[in-house]
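Colleague: Quick one: the structure is below, questions incoming.
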Amino acid sequence: MQKKEIRSMTLPELEQELAALNEPRFRAKQLFAWMHAKQAGSFSEMTNLPKALREQLAGQYEYTELTVVEELTSAIDGTKKFLFAMADGNVVESVWMRYQHGNSVCISSQAGCRMGCAFCASTLGGLVRNLTASEMLGQVYQIGKLTGERVSNIVVMGTGEPLDNYDALLRFLTLICDENGLNISQRNITVSTCGLVEQMKRLAGEHLQITLALSLHAPNQEKRMELMPVAKRYEIHEVVEACREYFTSTGRRITFEYALIDGVNDSPADAHALLKLIGALNCHVNLIPVNPVKERQWRRPSREKTAAFRDILEKGGIAVTVRREMGRDINGACGQLRRRYME
Ligand code: SAH
């Protein structure tokens, strides 16, 4: 029988497991604190648990920890990229960014991705498997240890489609926000999706205070279909409507991500169409000059074209930022480090 994985369990679940082992109730909290506050790497580090219990736990449960394979530091802005190996040898990448308002970690939710976006390096090899909650947590915990600094913000924007791994994502969110663990505020977490409408609605129903980012990348259905296969499943207005619902039930402003691609979606007409599509929503637009991926031909527009696009949205009353490029010298774009490693 496969061992149950212990670090993905919530506190009430741990209480049940330990009750079944005839352990006193407070042991669950101790164990939880070891895993999520002190971030022990194994049972043997949990020195205030009786040795016999530690051995019993090690025999009965799996404790997954990531090991760092590669760490790159940007000479330009200090951004760090990490490549981690999981217990089965698959690798995932994560990014650490230092901002004025605190340190942010970008984590992967899947090894590979099956969404097939035309400009993205993460999807080129397809989906290998979902990550467990523990493997998502491990990226944050290991980065905290390796940098020696507090992590205050988390973005689920690395490799993978988080809403395609919904249950593990929810577990991850519950655990990372637990006051007995890292205690990250929900408001400091952003989950980015390519627009899986059913799961977006389900997430809205959880009434969390996390930010939902929608990868829009096109001002209309026709252009979106060229860039994102998921658009064939969900029409663009349906996706925007799901964003409106998310705002209505959570009060959280939506972020729209829009990768600007030279000659594809960056004309003034595109900007006006975008304004028309989302202008009535309480939202924020993040313009991302596309990161060139070596397997793809996409190029970023000039600074002038980018600024003109931004100005049209701003004049229309939308809050816009042009994403500052971080870690340009260290394989910045989504999935490129993992890909290079696999090659
Ligand atoms: N699957 C999720 C999250 C991972 S991708 C999603 O689609 O949102 C995180 C963001 O990076 C998405 O907005 C994605 O479209 C964008 N992205 C991927 N490759 C990119 C590239 N080469 N240049 C710019 N943005 C890219």
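Here's how to read the names in the structure tokens: chain A, B, ... by the order shown, residue numbers from 1 in each chain, ligand numbers from 1 in the order shown.
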Which residues are close to Ile184 of chain A, i.e. within 8 Å by only C-alpha atoms, leaving aside same-chain residues fewer than 5 positions away? Reply as a list in words.

Modeller: Ser152, Asn153, Ile176, Cys177, Asp178 and Glu179 of chain A

Colleague: As a PDB file with all heavy atoms, in the first residue's frame, please: all residues of segment 118-331 of chain A that backbone DSSP puts in strand (DSSP E).

Modeller:
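What landed in states27.pdb:
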ATOM      1  N   LEU A 127       2.023  17.835 -20.056  1.00  0.00           N
ATOM      2  CA  LEU A 127       1.907  17.656 -18.607  1.00  0.00           C
ATOM      3  C   LEU A 127       2.560  16.343 -18.196  1.00  0.00           C
ATOM      4  O   LEU A 127       2.299  15.298 -18.797  1.00  0.00           O
ATOM      5  CB  LEU A 127       0.427  17.639 -18.189  1.00  0.00           C
ATOM      6  CG  LEU A 127       0.164  17.347 -16.709  1.00  0.00           C
ATOM      7  CD1 LEU A 127       0.683  18.471 -15.815  1.00  0.00           C
ATOM      8  CD2 LEU A 127      -1.328  17.139 -16.455  1.00  0.00           C
ATOM      9  N   VAL A 128       3.409  16.393 -17.184  1.00  0.00           N
ATOM     10  CA  VAL A 128       3.979  15.162 -16.625  1.00  0.00           C
ATOM     11  C   VAL A 128       3.107  14.681 -15.469  1.00  0.00           C
ATOM     12  O   VAL A 128       2.602  13.576 -15.475  1.00  0.00           O
ATOM     13  CB  VAL A 128       5.438  15.371 -16.164  1.00  0.00           C
ATOM     14  CG1 VAL A 128       5.996  14.092 -15.561  1.00  0.00           C
ATOM     15  CG2 VAL A 128       6.302  15.825 -17.337  1.00  0.00           C
ATOM     16  N   ARG A 129       2.905  15.547 -14.481  1.00  0.00           N
ATOM     17  CA  ARG A 129       1.987  15.204 -13.399  1.00  0.00           C
ATOM     18  C   ARG A 129       1.653  16.430 -12.552  1.00  0.00           C
ATOM     19  O   ARG A 129       2.342  17.452 -12.608  1.00  0.00           O
ATOM     20  CB  ARG A 129       2.555  14.099 -12.509  1.00  0.00           C
ATOM     21  CG  ARG A 129       3.741  14.493 -11.656  1.00  0.00           C
ATOM     22  CD  ARG A 129       4.017  13.410 -10.612  1.00  0.00           C
ATOM     23  NE  ARG A 129       5.229  13.630  -9.860  1.00  0.00           N
ATOM     24  CZ  ARG A 129       5.330  14.384  -8.763  1.00  0.00           C
ATOM     25  NH1 ARG A 129       4.276  15.047  -8.302  1.00  0.00           N
ATOM     26  NH2 ARG A 129       6.479  14.489  -8.125  1.00  0.00           N
ATOM     27  N   ASN A 130       0.599  16.291 -11.763  1.00  0.00           N
ATOM     28  CA  ASN A 130       0.244  17.322 -10.793  1.00  0.00           C
ATOM     29  C   ASN A 130       1.247  17.306  -9.644  1.00  0.00           C
ATOM     30  O   ASN A 130       1.777  16.255  -9.298  1.00  0.00           O
ATOM     31  CB  ASN A 130      -1.140  17.021 -10.186  1.00  0.00           C
ATOM     32  CG  ASN A 130      -2.261  17.412 -11.120  1.00  0.00           C
ATOM     33  OD1 ASN A 130      -2.126  18.347 -11.916  1.00  0.00           O
ATOM     34  ND2 ASN A 130      -3.374  16.720 -11.017  1.00  0.00           N
ATOM     35  N   ASN A 153       4.860  37.261   0.111  1.00  0.00           N
ATOM     36  CA  ASN A 153       3.881  37.160  -0.975  1.00  0.00           C
ATOM     37  C   ASN A 153       4.118  35.905  -1.801  1.00  0.00           C
ATOM     38  O   ASN A 153       5.259  35.511  -2.003  1.00  0.00           O
ATOM     39  CB  ASN A 153       3.991  38.365  -1.919  1.00  0.00           C
ATOM     40  CG  ASN A 153       3.651  39.653  -1.217  1.00  0.00           C
ATOM     41  OD1 ASN A 153       2.499  40.039  -1.123  1.00  0.00           O
ATOM     42  ND2 ASN A 153       4.654  40.307  -0.674  1.00  0.00           N
ATOM     43  N   ILE A 154       3.017  35.345  -2.283  1.00  0.00           N
ATOM     44  CA  ILE A 154       3.149  34.153  -3.116  1.00  0.00           C
ATOM     45  C   ILE A 154       2.318  34.340  -4.378  1.00  0.00           C
ATOM     46  O   ILE A 154       1.163  34.776  -4.324  1.00  0.00           O
ATOM     47  CB  ILE A 154       2.683  32.904  -2.354  1.00  0.00           C
ATOM     48  CG1 ILE A 154       3.675  32.619  -1.223  1.00  0.00           C
ATOM     49  CG2 ILE A 154       2.578  31.693  -3.284  1.00  0.00           C
ATOM     50  CD1 ILE A 154       3.273  31.554  -0.293  1.00  0.00           C
ATOM     51  N   VAL A 155       2.921  34.013  -5.507  1.00  0.00           N
ATOM     52  CA  VAL A 155       2.160  33.987  -6.741  1.00  0.00           C
ATOM     53  C   VAL A 155       2.234  32.577  -7.324  1.00  0.00           C
ATOM     54  O   VAL A 155       3.310  31.989  -7.408  1.00  0.00           O
ATOM     55  CB  VAL A 155       2.652  35.047  -7.776  1.00  0.00           C
ATOM     56  CG1 VAL A 155       2.382  36.452  -7.272  1.00  0.00           C
ATOM     57  CG2 VAL A 155       4.120  34.918  -8.083  1.00  0.00           C
ATOM     58  N   VAL A 156       1.083  32.038  -7.652  1.00  0.00           N
ATOM     59  CA  VAL A 156       1.061  30.711  -8.272  1.00  0.00           C
ATOM     60  C   VAL A 156       1.012  30.962  -9.773  1.00  0.00           C
ATOM     61  O   VAL A 156      -0.045  31.020 -10.396  1.00  0.00           O
ATOM     62  CB  VAL A 156      -0.130  29.864  -7.784  1.00  0.00           C
ATOM     63  CG1 VAL A 156       0.003  28.431  -8.283  1.00  0.00           C
ATOM     64  CG2 VAL A 156      -0.206  29.870  -6.258  1.00  0.00           C
ATOM     65  N   ILE A 189      -1.619  36.568  -1.684  1.00  0.00           N
ATOM     66  CA  ILE A 189      -1.462  35.435  -2.598  1.00  0.00           C
ATOM     67  C   ILE A 189      -2.233  35.700  -3.891  1.00  0.00           C
ATOM     68  O   ILE A 189      -3.382  36.153  -3.862  1.00  0.00           O
ATOM     69  CB  ILE A 189      -1.990  34.135  -1.946  1.00  0.00           C
ATOM     70  CG1 ILE A 189      -1.198  33.844  -0.662  1.00  0.00           C
ATOM     71  CG2 ILE A 189      -1.903  32.958  -2.923  1.00  0.00           C
ATOM     72  CD1 ILE A 189      -1.637  32.592   0.070  1.00  0.00           C
ATOM     73  N   THR A 190      -1.587  35.413  -5.003  1.00  0.00           N
ATOM     74  CA  THR A 190      -2.249  35.526  -6.304  1.00  0.00           C
ATOM     75  C   THR A 190      -2.195  34.182  -7.018  1.00  0.00           C
ATOM     76  O   THR A 190      -1.144  33.548  -7.074  1.00  0.00           O
ATOM     77  CB  THR A 190      -1.554  36.587  -7.190  1.00  0.00           C
ATOM     78  OG1 THR A 190      -1.661  37.857  -6.542  1.00  0.00           O
ATOM     79  CG2 THR A 190      -2.194  36.677  -8.571  1.00  0.00           C
ATOM     80  N   VAL A 191      -3.337  33.763  -7.527  1.00  0.00           N
ATOM     81  CA  VAL A 191      -3.391  32.541  -8.329  1.00  0.00           C
ATOM     82  C   VAL A 191      -3.731  32.942  -9.759  1.00  0.00           C
ATOM     83  O   VAL A 191      -4.698  33.660 -10.004  1.00  0.00           O
ATOM     84  CB  VAL A 191      -4.457  31.558  -7.788  1.00  0.00           C
ATOM     85  CG1 VAL A 191      -4.663  30.396  -8.754  1.00  0.00           C
ATOM     86  CG2 VAL A 191      -4.050  31.030  -6.412  1.00  0.00           C
ATOM     87  N   SER A 192      -2.913  32.487 -10.689  1.00  0.00           N
ATOM     88  CA  SER A 192      -3.088  32.871 -12.087  1.00  0.00           C
ATOM     89  C   SER A 192      -3.656  31.695 -12.882  1.00  0.00           C
ATOM     90  O   SER A 192      -3.172  30.576 -12.780  1.00  0.00           O
ATOM     91  CB  SER A 192      -1.722  33.273 -12.655  1.00  0.00           C
ATOM     92  OG  SER A 192      -1.833  33.622 -14.010  1.00  0.00           O
ATOM     93  N   THR A 193      -4.674  31.974 -13.683  1.00  0.00           N
ATOM     94  CA  THR A 193      -5.280  30.905 -14.490  1.00  0.00           C
ATOM     95  C   THR A 193      -5.405  31.319 -15.944  1.00  0.00           C
ATOM     96  O   THR A 193      -5.574  32.498 -16.257  1.00  0.00           O
ATOM     97  CB  THR A 193      -6.671  30.511 -13.948  1.00  0.00           C
ATOM     98  OG1 THR A 193      -7.205  29.469 -14.780  1.00  0.00           O
ATOM     99  CG2 THR A 193      -7.645  31.686 -13.958  1.00  0.00           C
ATOM    100  N   THR A 211      -6.098  36.931  -4.626  1.00  0.00           N
ATOM    101  CA  THR A 211      -6.299  37.615  -5.906  1.00  0.00           C
ATOM    102  C   THR A 211      -6.316  36.586  -7.022  1.00  0.00           C
ATOM    103  O   THR A 211      -5.479  35.687  -7.058  1.00  0.00           O
ATOM    104  CB  THR A 211      -5.167  38.633  -6.160  1.00  0.00           C
ATOM    105  OG1 THR A 211      -5.198  39.604  -5.122  1.00  0.00           O
ATOM    106  CG2 THR A 211      -5.324  39.317  -7.506  1.00  0.00           C
ATOM    107  N   LEU A 212      -7.276  36.740  -7.911  1.00  0.00           N
ATOM    108  CA  LEU A 212      -7.319  35.878  -9.090  1.00  0.00           C
ATOM    109  C   LEU A 212      -6.772  36.673 -10.279  1.00  0.00           C
ATOM    110  O   LEU A 212      -7.204  37.795 -10.536  1.00  0.00           O
ATOM    111  CB  LEU A 212      -8.763  35.441  -9.373  1.00  0.00           C
ATOM    112  CG  LEU A 212      -8.944  34.472 -10.543  1.00  0.00           C
ATOM    113  CD1 LEU A 212      -8.251  33.136 -10.289  1.00  0.00           C
ATOM    114  CD2 LEU A 212     -10.424  34.237 -10.816  1.00  0.00           C
ATOM    115  N   ALA A 213      -5.798  36.093 -10.949  1.00  0.00           N
ATOM    116  CA  ALA A 213      -5.257  36.720 -12.158  1.00  0.00           C
ATOM    117  C   ALA A 213      -5.704  35.885 -13.353  1.00  0.00           C
ATOM    118  O   ALA A 213      -5.589  34.664 -13.338  1.00  0.00           O
ATOM    119  CB  ALA A 213      -3.740  36.785 -12.093  1.00  0.00           C
ATOM    120  N   LEU A 214      -6.229  36.547 -14.348  1.00  0.00           N
ATOM    121  CA  LEU A 214      -6.704  35.841 -15.531  1.00  0.00           C
ATOM    122  C   LEU A 214      -5.775  36.155 -16.697  1.00  0.00           C
ATOM    123  O   LEU A 214      -5.555  37.332 -17.034  1.00  0.00           O
ATOM    124  CB  LEU A 214      -8.136  36.301 -15.832  1.00  0.00           C
ATOM    125  CG  LEU A 214      -8.981  35.621 -16.909  1.00  0.00           C
ATOM    126  CD1 LEU A 214      -8.751  36.183 -18.293  1.00  0.00           C
ATOM    127  CD2 LEU A 214      -8.837  34.108 -16.949  1.00  0.00           C
ATOM    128  N   SER A 215      -5.211  35.124 -17.286  1.00  0.00           N
ATOM    129  CA  SER A 215      -4.346  35.312 -18.448  1.00  0.00           C
ATOM    130  C   SER A 215      -5.236  35.518 -19.665  1.00  0.00           C
ATOM    131  O   SER A 215      -5.786  34.562 -20.203  1.00  0.00           O
ATOM    132  CB  SER A 215      -3.443  34.089 -18.631  1.00  0.00           C
ATOM    133  OG  SER A 215      -2.618  33.947 -17.500  1.00  0.00           O
ATOM    134  N   ILE A 254      -9.956  41.886  -9.880  1.00  0.00           N
ATOM    135  CA  ILE A 254      -9.313  40.931 -10.791  1.00  0.00           C
ATOM    136  C   ILE A 254      -8.068  41.550 -11.422  1.00  0.00           C
ATOM    137  O   ILE A 254      -8.048  42.740 -11.727  1.00  0.00           O
ATOM    138  CB  ILE A 254     -10.294  40.553 -11.932  1.00  0.00           C
ATOM    139  CG1 ILE A 254     -11.510  39.807 -11.384  1.00  0.00           C
ATOM    140  CG2 ILE A 254      -9.613  39.773 -13.043  1.00  0.00           C
ATOM    141  CD1 ILE A 254     -11.231  38.367 -10.975  1.00  0.00           C
ATOM    142  N   THR A 255      -7.060  40.738 -11.615  1.00  0.00           N
ATOM    143  CA  THR A 255      -5.909  41.161 -12.409  1.00  0.00           C
ATOM    144  C   THR A 255      -6.000  40.478 -13.772  1.00  0.00           C
ATOM    145  O   THR A 255      -6.213  39.264 -13.839  1.00  0.00           O
ATOM    146  CB  THR A 255      -4.587  40.742 -11.729  1.00  0.00           C
ATOM    147  OG1 THR A 255      -4.462  41.440 -10.500  1.00  0.00           O
ATOM    148  CG2 THR A 255      -3.385  41.074 -12.610  1.00  0.00           C
ATOM    149  N   PHE A 256      -5.886  41.243 -14.828  1.00  0.00           N
ATOM    150  CA  PHE A 256      -5.797  40.645 -16.164  1.00  0.00           C
ATOM    151  C   PHE A 256      -4.348  40.703 -16.618  1.00  0.00           C
ATOM    152  O   PHE A 256      -3.729  41.767 -16.590  1.00  0.00           O
ATOM    153  CB  PHE A 256      -6.666  41.398 -17.173  1.00  0.00           C
ATOM    154  CG  PHE A 256      -8.139  41.165 -16.983  1.00  0.00           C
ATOM    155  CD1 PHE A 256      -8.950  42.154 -16.438  1.00  0.00           C
ATOM    156  CD2 PHE A 256      -8.721  39.954 -17.340  1.00  0.00           C
ATOM    157  CE1 PHE A 256     -10.316  41.938 -16.245  1.00  0.00           C
ATOM    158  CE2 PHE A 256     -10.083  39.727 -17.145  1.00  0.00           C
ATOM    159  CZ  PHE A 256     -10.879  40.724 -16.603  1.00  0.00           C
ATOM    160  N   GLU A 257      -3.846  39.563 -17.029  1.00  0.00           N
ATOM    161  CA  GLU A 257      -2.497  39.540 -17.579  1.00  0.00           C
ATOM    162  C   GLU A 257      -2.600  39.553 -19.102  1.00  0.00           C
ATOM    163  O   GLU A 257      -3.435  38.846 -19.684  1.00  0.00           O
ATOM    164  CB  GLU A 257      -1.759  38.287 -17.127  1.00  0.00           C
ATOM    165  CG  GLU A 257      -1.429  38.313 -15.653  1.00  0.00           C
ATOM    166  CD  GLU A 257      -1.150  36.925 -15.150  1.00  0.00           C
ATOM    167  OE1 GLU A 257      -2.115  36.203 -14.875  1.00  0.00           O
ATOM    168  OE2 GLU A 257       0.011  36.572 -15.063  1.00  0.00           O
ATOM    169  N   TYR A 258      -1.759  40.358 -19.686  1.00  0.00           N
ATOM    170  CA  TYR A 258      -1.822  40.517 -21.134  1.00  0.00           C
ATOM    171  C   TYR A 258      -0.391  40.581 -21.656  1.00  0.00           C
ATOM    172  O   TYR A 258       0.323  41.560 -21.441  1.00  0.00           O
ATOM    173  CB  TYR A 258      -2.591  41.807 -21.459  1.00  0.00           C
ATOM    174  CG  TYR A 258      -3.028  41.965 -22.896  1.00  0.00           C
ATOM    175  CD1 TYR A 258      -4.356  41.748 -23.274  1.00  0.00           C
ATOM    176  CD2 TYR A 258      -2.116  42.357 -23.881  1.00  0.00           C
ATOM    177  CE1 TYR A 258      -4.755  41.914 -24.595  1.00  0.00           C
ATOM    178  CE2 TYR A 258      -2.519  42.518 -25.202  1.00  0.00           C
ATOM    179  CZ  TYR A 258      -3.841  42.299 -25.545  1.00  0.00           C
ATOM    180  OH  TYR A 258      -4.244  42.474 -26.860  1.00  0.00           O
ATOM    181  N   ALA A 259       0.058  39.500 -22.279  1.00  0.00           N
ATOM    182  CA  ALA A 259       1.407  39.455 -22.842  1.00  0.00           C
ATOM    183  C   ALA A 259       1.367  40.187 -24.180  1.00  0.00           C
ATOM    184  O   ALA A 259       0.631  39.801 -25.093  1.00  0.00           O
ATOM    185  CB  ALA A 259       1.849  38.009 -23.037  1.00  0.00           C
ATOM    186  N   LEU A 260       2.134  41.246 -24.279  1.00  0.00           N
ATOM    187  CA  LEU A 260       2.158  42.013 -25.533  1.00  0.00           C
ATOM    188  C   LEU A 260       3.104  41.355 -26.522  1.00  0.00           C
ATOM    189  O   LEU A 260       4.289  41.148 -26.227  1.00  0.00           O
ATOM    190  CB  LEU A 260       2.616  43.440 -25.260  1.00  0.00           C
ATOM    191  CG  LEU A 260       1.574  44.368 -24.628  1.00  0.00           C
ATOM    192  CD1 LEU A 260       2.234  45.681 -24.200  1.00  0.00           C
ATOM    193  CD2 LEU A 260       0.417  44.643 -25.594  1.00  0.00           C
ATOM    194  N   CYS A 283     -10.941  46.147 -12.138  1.00  0.00           N
ATOM    195  CA  CYS A 283      -9.805  45.293 -12.481  1.00  0.00           C
ATOM    196  C   CYS A 283      -8.513  46.078 -12.595  1.00  0.00           C
ATOM    197  O   CYS A 283      -8.489  47.298 -12.495  1.00  0.00           O
ATOM    198  CB  CYS A 283     -10.077  44.580 -13.803  1.00  0.00           C
ATOM    199  SG  CYS A 283     -10.133  45.694 -15.223  1.00  0.00           S
ATOM    200  N   HIS A 284      -7.473  45.341 -12.796  1.00  0.00           N
ATOM    201  CA  HIS A 284      -6.148  45.899 -12.958  1.00  0.00           C
ATOM    202  C   HIS A 284      -5.520  45.126 -14.117  1.00  0.00           C
ATOM    203  O   HIS A 284      -5.696  43.912 -14.202  1.00  0.00           O
ATOM    204  CB  HIS A 284      -5.382  45.659 -11.650  1.00  0.00           C
ATOM    205  CG  HIS A 284      -3.950  46.046 -11.739  1.00  0.00           C
ATOM    206  ND1 HIS A 284      -2.953  45.125 -11.888  1.00  0.00           N
ATOM    207  CD2 HIS A 284      -3.358  47.255 -11.715  1.00  0.00           C
ATOM    208  CE1 HIS A 284      -1.788  45.765 -11.947  1.00  0.00           C
ATOM    209  NE2 HIS A 284      -2.007  47.053 -11.844  1.00  0.00           N
ATOM    210  N   VAL A 285      -4.839  45.819 -15.007  1.00  0.00           N
ATOM    211  CA  VAL A 285      -4.230  45.115 -16.137  1.00  0.00           C
ATOM    212  C   VAL A 285      -2.715  45.123 -15.999  1.00  0.00           C
ATOM    213  O   VAL A 285      -2.104  46.159 -15.738  1.00  0.00           O
ATOM    214  CB  VAL A 285      -4.639  45.751 -17.489  1.00  0.00           C
ATOM    215  CG1 VAL A 285      -3.862  45.113 -18.643  1.00  0.00           C
ATOM    216  CG2 VAL A 285      -6.134  45.608 -17.722  1.00  0.00           C
ATOM    217  N   ASN A 286      -2.140  43.953 -16.149  1.00  0.00           N
ATOM    218  CA  ASN A 286      -0.703  43.790 -16.094  1.00  0.00           C
ATOM    219  C   ASN A 286      -0.213  43.491 -17.508  1.00  0.00           C
ATOM    220  O   ASN A 286      -0.494  42.417 -18.039  1.00  0.00           O
ATOM    221  CB  ASN A 286      -0.422  42.607 -15.166  1.00  0.00           C
ATOM    222  CG  ASN A 286       0.916  42.724 -14.487  1.00  0.00           C
ATOM    223  OD1 ASN A 286       1.778  43.499 -14.916  1.00  0.00           O
ATOM    224  ND2 ASN A 286       1.086  41.950 -13.438  1.00  0.00           N
ATOM    225  N   LEU A 287       0.464  44.454 -18.107  1.00  0.00           N
ATOM    226  CA  LEU A 287       0.985  44.234 -19.460  1.00  0.00           C
ATOM    227  C   LEU A 287       2.382  43.626 -19.348  1.00  0.00           C
ATOM    228  O   LEU A 287       3.233  44.136 -18.623  1.00  0.00           O
ATOM    229  CB  LEU A 287       1.072  45.556 -20.222  1.00  0.00           C
ATOM    230  CG  LEU A 287      -0.262  46.262 -20.496  1.00  0.00           C
ATOM    231  CD1 LEU A 287      -0.009  47.620 -21.158  1.00  0.00           C
ATOM    232  CD2 LEU A 287      -1.164  45.404 -21.384  1.00  0.00           C
ATOM    233  N   ILE A 288       2.581  42.522 -20.042  1.00  0.00           N
ATOM    234  CA  ILE A 288       3.866  41.813 -19.969  1.00  0.00           C
ATOM    235  C   ILE A 288       4.461  41.727 -21.372  1.00  0.00           C
ATOM    236  O   ILE A 288       3.985  40.945 -22.190  1.00  0.00           O
ATOM    237  CB  ILE A 288       3.672  40.357 -19.465  1.00  0.00           C
ATOM    238  CG1 ILE A 288       2.708  40.309 -18.283  1.00  0.00           C
ATOM    239  CG2 ILE A 288       5.004  39.712 -19.147  1.00  0.00           C
ATOM    240  CD1 ILE A 288       2.125  38.914 -18.036  1.00  0.00           C
ATOM    241  N   PRO A 289       5.463  42.565 -21.671  1.00  0.00           N
ATOM    242  CA  PRO A 289       6.118  42.386 -22.977  1.00  0.00           C
ATOM    243  C   PRO A 289       6.587  40.926 -23.060  1.00  0.00           C
ATOM    244  O   PRO A 289       7.271  40.451 -22.151  1.00  0.00           O
ATOM    245  CB  PRO A 289       7.298  43.359 -22.909  1.00  0.00           C
ATOM    246  CG  PRO A 289       6.874  44.394 -21.892  1.00  0.00           C
ATOM    247  CD  PRO A 289       6.060  43.644 -20.880  1.00  0.00           C
ATOM    248  N   ALA A 319      -6.699  50.740 -14.435  1.00  0.00           N
ATOM    249  CA  ALA A 319      -5.395  50.730 -13.760  1.00  0.00           C
ATOM    250  C   ALA A 319      -4.472  49.765 -14.497  1.00  0.00           C
ATOM    251  O   ALA A 319      -4.822  48.605 -14.700  1.00  0.00           O
ATOM    252  CB  ALA A 319      -5.564  50.290 -12.318  1.00  0.00           C
ATOM    253  N   VAL A 320      -3.338  50.261 -14.928  1.00  0.00           N
ATOM    254  CA  VAL A 320      -2.423  49.440 -15.742  1.00  0.00           C
ATOM    255  C   VAL A 320      -1.008  49.507 -15.185  1.00  0.00           C
ATOM    256  O   VAL A 320      -0.557  50.564 -14.767  1.00  0.00           O
ATOM    257  CB  VAL A 320      -2.315  49.974 -17.195  1.00  0.00           C
ATOM    258  CG1 VAL A 320      -1.610  48.968 -18.090  1.00  0.00           C
ATOM    259  CG2 VAL A 320      -3.656  50.354 -17.756  1.00  0.00           C
ATOM    260  N   THR A 321      -0.332  48.376 -15.204  1.00  0.00           N
ATOM    261  CA  THR A 321       1.108  48.408 -14.979  1.00  0.00           C
ATOM    262  C   THR A 321       1.778  47.628 -16.101  1.00  0.00           C
ATOM    263  O   THR A 321       1.221  46.672 -16.619  1.00  0.00           O
ATOM    264  CB  THR A 321       1.518  47.760 -13.638  1.00  0.00           C
ATOM    265  OG1 THR A 321       0.786  46.555 -13.479  1.00  0.00           O
ATOM    266  CG2 THR A 321       1.245  48.652 -12.459  1.00  0.00           C
ATOM    267  N   VAL A 322       2.971  48.088 -16.471  1.00  0.00           N
ATOM    268  CA  VAL A 322       3.768  47.317 -17.413  1.00  0.00           C
ATOM    269  C   VAL A 322       4.729  46.540 -16.549  1.00  0.00           C
ATOM    270  O   VAL A 322       5.459  47.134 -15.743  1.00  0.00           O
ATOM    271  CB  VAL A 322       4.536  48.226 -18.396  1.00  0.00           C
ATOM    272  CG1 VAL A 322       5.422  47.383 -19.314  1.00  0.00           C
ATOM    273  CG2 VAL A 322       3.560  49.064 -19.208  1.00  0.00           C
TER     274      VAL A 322
END

Colleague: Applying 12 Å and only C-alpha atoms, which residues near Arg300 of chain A remain after dropping the ones on its own chain fewer than 2 positions away? List them as number ranges by chain.

Modeller: A: 119, 259-266, 287-293, 297-298, 302-306

Colleague: Could you give me, as a PyMOL selection string, the residues within 9 Å of segment 134-144 of chain A, counting only C-alpha atoms and dropping anything in the same chain fewer than 2 positions from it?

Modeller: chain A and resi 5-9+36+39+63-68+82+84+86+92-96+105-110+131-132+146-151+154+168-169+171-172+175-176+182

Colleague: Would you mind writing down, as a ChimeraX atom specification, each residue of segment 47-296 of chain A that DSSP on the backbone assigns to alpha helix (DSSP H)?

Modeller: /A:51-60,133-147,166-177,197-205,221-227,236-250,268-278

Colleague: Figure out the distance between atom CA of Met157 of chain A and atom 26 (C, counted along the ligand's line) of ligand 1, please, to one decimal in Å.

Modeller: 9.4 Å

Colleague: So that I can check the surroundings of Gly125 of chain A, please list as a count of residues only every protein, DNA and RNA residue that reaches within 12 Å of it, counting only C-alpha atoms and ignoring chain neighbours fewer than 5 positions away.

Modeller: 18

Colleague: With only C-alpha atoms as the basis for distance, which of A:Pro268, A:Gly78, A:Gly251, A:Gly59 is at the shortest distance from Asp329 of chain A?

Modeller: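 Checking each candidate against Asp329 of chain A, we get A:Gly78 as the closest.
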
Colleague: Give me the residues near Cys243 of chain A as a list in words, where near means some atom within 10 Å (using only C-alpha atoms) and where sequence neighbours in that chain fewer than 2 positions away do not count.

Modeller: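 Near neighbours after the sequence-gap exclusion: Gly195, Val197, Met200, Lys201, Ala204, Leu212, Ala213, Leu214, His237, Glu238, Val239, Val240, Glu241, Glu245, Tyr246, Phe247, Thr248, Arg252, Arg253, Ile254, Thr255, Phe256, Ile278, Leu281, Asn282 and Cys283 of chain A.
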
Colleague: What would the file look like if the residues just selected were written as a short mmCIF file (atom, residue, chain, number, x, y, z; two decimals), in the first residue's frame with C-alpha atoms?

Modeller:
data_model
loop_
_atom_site.label_atom_id
_atom_site.label_comp_id
_atom_site.auth_asym_id
_atom_site.auth_seq_id
_atom_site.Cartn_x
_atom_site.Cartn_y
_atom_site.Cartn_z
CA GLY A 195 -9.34 30.68 -17.68
CA VAL A 197 -14.40 28.70 -16.14
CA MET A 200 -13.01 29.80 -11.47
CA LYS A 201 -16.63 29.64 -10.35
CA ALA A 204 -15.31 32.13 -6.21
CA LEU A 212 -7.32 35.88 -9.09
CA ALA A 213 -5.26 36.72 -12.16
CA LEU A 214 -6.70 35.84 -15.53
CA HIS A 237 -17.10 36.68 -22.76
CA GLU A 238 -17.80 33.63 -20.65
CA VAL A 239 -14.34 33.94 -19.10
CA VAL A 240 -14.73 37.65 -18.43
CA GLU A 241 -18.14 36.94 -16.89
CA GLU A 245 -18.53 36.68 -10.59
CA TYR A 246 -15.26 36.22 -8.74
CA PHE A 247 -15.24 39.91 -7.91
CA THR A 248 -18.88 39.89 -6.88
CA ARG A 252 -11.29 41.09 -4.79
CA ARG A 253 -10.26 43.09 -7.83
CA ILE A 254 -9.31 40.93 -10.79
CA THR A 255 -5.91 41.16 -12.41
CA PHE A 256 -5.80 40.64 -16.16
CA ILE A 278 -13.15 44.72 -19.60
CA LEU A 281 -14.96 45.64 -14.50
CA ASN A 282 -13.18 46.47 -11.28
CA CYS A 283 -9.80 45.29 -12.48
#

Colleague: Out of A:Met46, A:Cys194, A:Ala273, A:Ala40, which residue has the shortest atom-to-atom distance to Arg27 of chain A when counting only C-alpha atoms?

Modeller: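 With only C-alpha atoms as the atom set, the closest residue is A:Met46.
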
Colleague: Considering only C-alpha atoms and all ligand atoms, state which residue in the set A:Gln16, A:Gln56, A:Thr123, A:Thr79 is at the smallest distance from ligand 1.

Modeller: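 Checking each of A:Gln16, A:Gln56, A:Thr123, A:Thr79 against ligand 1, counting only C-alpha atoms and all ligand atoms, the winner is A:Thr123.
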